[in-house]
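What follows is a set of notes on a single structure, which appears directly below.
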Amino acid sequence: MLFVTTFAILGAYTLYKLLSGTIETADYLNLGLLPFIFTLVYWGGDTILQKIANRKKKVDYEGRFLDAIGEKMRATDDFIIEDYRRLQNNVKFQDALKIAFYIYQNGENENINLDKLERKFDRRTIEHKAMTYAIIFVKEKLNELAK
């Protein structure tokens, strides 16, 4: 479409110059080459900008993982705002979430598995309650992948 538009505009200009009697040989050359050059420059610039933009749009898989778990936790109304702040500031819980994400991405192995993760916190703590949501989410996704 860009090529056709450029060709039409330059064709009209060349026709105007032809009718006015001021046309030169270079004008015919412009009519033949400029649409190709303009289209090539436009396409090349667009391609380069698209590649630059795609590099900046890296998908945050860990963020999506945490958002999905947070959504499940919010849906139950089992936690209050102070609980979320406490979980966010708890280094041990944040490390456990990173392990859960690793399992989510790579699966379980001898050293890193969901059973160890589940036993990491005392059953009476808010961390255990929150980690249960993460473990259930990871198990669901691993079961989906297994099917």
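Letters A, B, ... go to the chains of the structure tokens in the order shown; residues in each chain start at 1; ligands are counted from 1 in the same order.
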Within 12 Å of region 59-62 of chain A using only C-alpha atoms, minus same-chain residues under 4 positions, as a list in words: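 So the residues in contact are Asn54, Arg55, Leu66, Asp67, Ala68, Ile69, Leu97, Lys98, Ile99, Ala100, Phe101, Tyr102, Ile103, Tyr104 and Gln105 of chain A.
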Which of region 4-139 of chain A DSSP labels alpha helix (DSSP H), written as a JSON list (two decimals) with C-alpha atoms, in the first residue's frame:
```
[["chain", "number", "residue", "atom", "x", "y", "z"],
["A", 4, "VAL", "CA", 1.37, 2.20, -4.44],
["A", 5, "THR", "CA", 0.73, 5.48, -2.63],
["A", 6, "THR", "CA", 4.28, 6.69, -3.18],
["A", 7, "PHE", "CA", 4.17, 5.64, -6.82],
["A", 8, "ALA", "CA", 0.85, 7.46, -7.32],
["A", 9, "ILE", "CA", 2.10, 10.69, -5.72],
["A", 10, "LEU", "CA", 5.33, 10.68, -7.70],
["A", 11, "GLY", "CA", 3.41, 9.72, -10.86],
["A", 12, "ALA", "CA", 1.10, 12.70, -10.40],
["A", 13, "TYR", "CA", 4.11, 14.97, -9.86],
["A", 14, "THR", "CA", 5.83, 13.59, -12.95],
["A", 15, "LEU", "CA", 2.63, 14.01, -14.99],
["A", 16, "TYR", "CA", 2.36, 17.62, -13.79],
["A", 17, "LYS", "CA", 5.95, 18.30, -14.84],
["A", 18, "LEU", "CA", 5.33, 16.55, -18.17],
["A", 19, "LEU", "CA", 2.26, 18.70, -18.88],
["A", 20, "SER", "CA", 4.03, 21.89, -17.85],
["A", 25, "THR", "CA", 15.29, 12.58, -17.33],
["A", 26, "ALA", "CA", 15.96, 12.49, -13.59],
["A", 27, "ASP", "CA", 12.24, 12.82, -12.94],
["A", 28, "TYR", "CA", 11.61, 9.52, -14.73],
["A", 29, "LEU", "CA", 14.38, 7.96, -12.64],
["A", 30, "ASN", "CA", 12.78, 9.32, -9.47],
["A", 31, "LEU", "CA", 9.44, 7.84, -10.46],
["A", 32, "GLY", "CA", 11.05, 4.41, -10.91],
["A", 33, "LEU", "CA", 13.38, 4.30, -7.90],
["A", 34, "LEU", "CA", 11.96, 6.44, -5.09],
["A", 35, "PRO", "CA", 8.92, 4.27, -4.32],
["A", 36, "PHE", "CA", 11.24, 1.27, -3.82],
["A", 37, "ILE", "CA", 13.72, 3.23, -1.71],
["A", 38, "PHE", "CA", 11.04, 4.89, 0.41],
["A", 39, "THR", "CA", 9.28, 1.57, 1.02],
["A", 40, "LEU", "CA", 12.57, -0.15, 1.91],
["A", 41, "VAL", "CA", 13.58, 2.60, 4.37],
["A", 42, "TYR", "CA", 10.12, 2.65, 5.97],
["A", 43, "TRP", "CA", 9.98, -1.15, 6.29],
["A", 44, "GLY", "CA", 13.57, -1.36, 7.62],
["A", 45, "GLY", "CA", 12.97, 1.32, 10.24],
["A", 46, "ASP", "CA", 9.73, -0.29, 11.32],
["A", 47, "THR", "CA", 11.41, -3.70, 11.63],
["A", 48, "ILE", "CA", 14.27, -2.30, 13.72],
["A", 49, "LEU", "CA", 11.90, -0.41, 16.04],
["A", 50, "GLN", "CA", 9.76, -3.54, 16.47],
["A", 51, "LYS", "CA", 12.81, -5.59, 17.49],
["A", 52, "ILE", "CA", 13.83, -2.94, 20.01],
["A", 53, "ALA", "CA", 10.32, -2.81, 21.45],
["A", 54, "ASN", "CA", 10.14, -6.61, 21.72],
["A", 55, "ARG", "CA", 13.35, -6.67, 23.73],
["A", 56, "LYS", "CA", 11.87, -4.28, 26.25],
["A", 61, "TYR", "CA", 6.63, -15.03, 34.60],
["A", 62, "GLU", "CA", 7.42, -14.76, 38.30],
["A", 63, "GLY", "CA", 5.17, -11.72, 38.60],
["A", 64, "ARG", "CA", 2.34, -13.59, 36.88],
["A", 65, "PHE", "CA", 2.89, -16.54, 39.22],
["A", 66, "LEU", "CA", 2.73, -14.31, 42.29],
["A", 67, "ASP", "CA", -0.33, -12.47, 40.96],
["A", 68, "ALA", "CA", -2.17, -15.75, 40.42],
["A", 69, "ILE", "CA", -1.43, -16.92, 43.95],
["A", 70, "GLY", "CA", -2.37, -13.53, 45.37],
["A", 71, "GLU", "CA", -5.65, -13.63, 43.46],
["A", 72, "LYS", "CA", -6.50, -17.02, 44.95],
["A", 73, "MET", "CA", -5.65, -15.75, 48.43],
["A", 74, "ARG", "CA", -7.75, -12.60, 48.02],
["A", 75, "ALA", "CA", -10.70, -14.60, 46.72],
["A", 76, "THR", "CA", -11.00, -16.50, 50.01],
["A", 81, "ILE", "CA", -4.00, -6.36, 54.95],
["A", 82, "GLU", "CA", -1.61, -6.77, 57.86],
["A", 83, "ASP", "CA", -1.16, -10.43, 56.91],
["A", 84, "TYR", "CA", -0.10, -9.46, 53.40],
["A", 85, "ARG", "CA", 2.38, -6.93, 54.78],
["A", 86, "ARG", "CA", 3.77, -9.49, 57.18],
["A", 87, "LEU", "CA", 4.16, -12.04, 54.37],
["A", 88, "GLN", "CA", 5.80, -9.47, 52.12],
["A", 89, "ASN", "CA", 8.39, -8.59, 54.77],
["A", 91, "VAL", "CA", 12.35, -13.22, 54.14],
["A", 92, "LYS", "CA", 11.80, -16.92, 54.85],
["A", 93, "PHE", "CA", 8.37, -16.81, 53.19],
["A", 94, "GLN", "CA", 9.70, -14.89, 50.19],
["A", 95, "ASP", "CA", 12.46, -17.50, 49.77],
["A", 96, "ALA", "CA", 9.84, -20.24, 49.94],
["A", 97, "LEU", "CA", 7.85, -18.48, 47.19],
["A", 98, "LYS", "CA", 10.97, -18.41, 45.03],
["A", 99, "ILE", "CA", 11.37, -22.14, 45.57],
["A", 100, "ALA", "CA", 7.70, -22.65, 44.67],
["A", 101, "PHE", "CA", 8.24, -20.66, 41.48],
["A", 102, "TYR", "CA", 11.30, -22.77, 40.67],
["A", 103, "ILE", "CA", 9.22, -25.93, 41.06],
["A", 104, "TYR", "CA", 6.48, -24.32, 38.96],
["A", 105, "GLN", "CA", 8.99, -23.65, 36.17],
["A", 106, "ASN", "CA", 11.23, -26.73, 36.36],
["A", 114, "LEU", "CA", 6.64, -29.55, 47.47],
["A", 115, "ASP", "CA", 6.71, -31.81, 50.54],
["A", 116, "LYS", "CA", 9.77, -30.02, 51.94],
["A", 117, "LEU", "CA", 8.21, -26.71, 51.10],
["A", 118, "GLU", "CA", 5.02, -27.63, 52.94],
["A", 126, "ILE", "CA", -0.06, -17.36, 58.60],
["A", 127, "GLU", "CA", 2.96, -18.25, 56.46],
["A", 128, "HIS", "CA", 1.90, -21.92, 56.36],
["A", 129, "LYS", "CA", -1.63, -20.92, 55.48],
["A", 130, "ALA", "CA", -0.42, -18.71, 52.61],
["A", 131, "MET", "CA", 2.14, -21.27, 51.43],
["A", 132, "THR", "CA", -0.68, -23.82, 51.19],
["A", 133, "TYR", "CA", -2.25, -21.65, 48.46],
["A", 134, "ALA", "CA", 1.06, -21.51, 46.58],
["A", 135, "ILE", "CA", 1.54, -25.29, 46.86],
["A", 136, "ILE", "CA", -2.00, -26.00, 45.66],
["A", 137, "PHE", "CA", -1.47, -23.67, 42.69],
["A", 138, "VAL", "CA", 1.84, -25.33, 41.78],
["A", 139, "LYS", "CA", 0.32, -28.81, 42.10]]
```
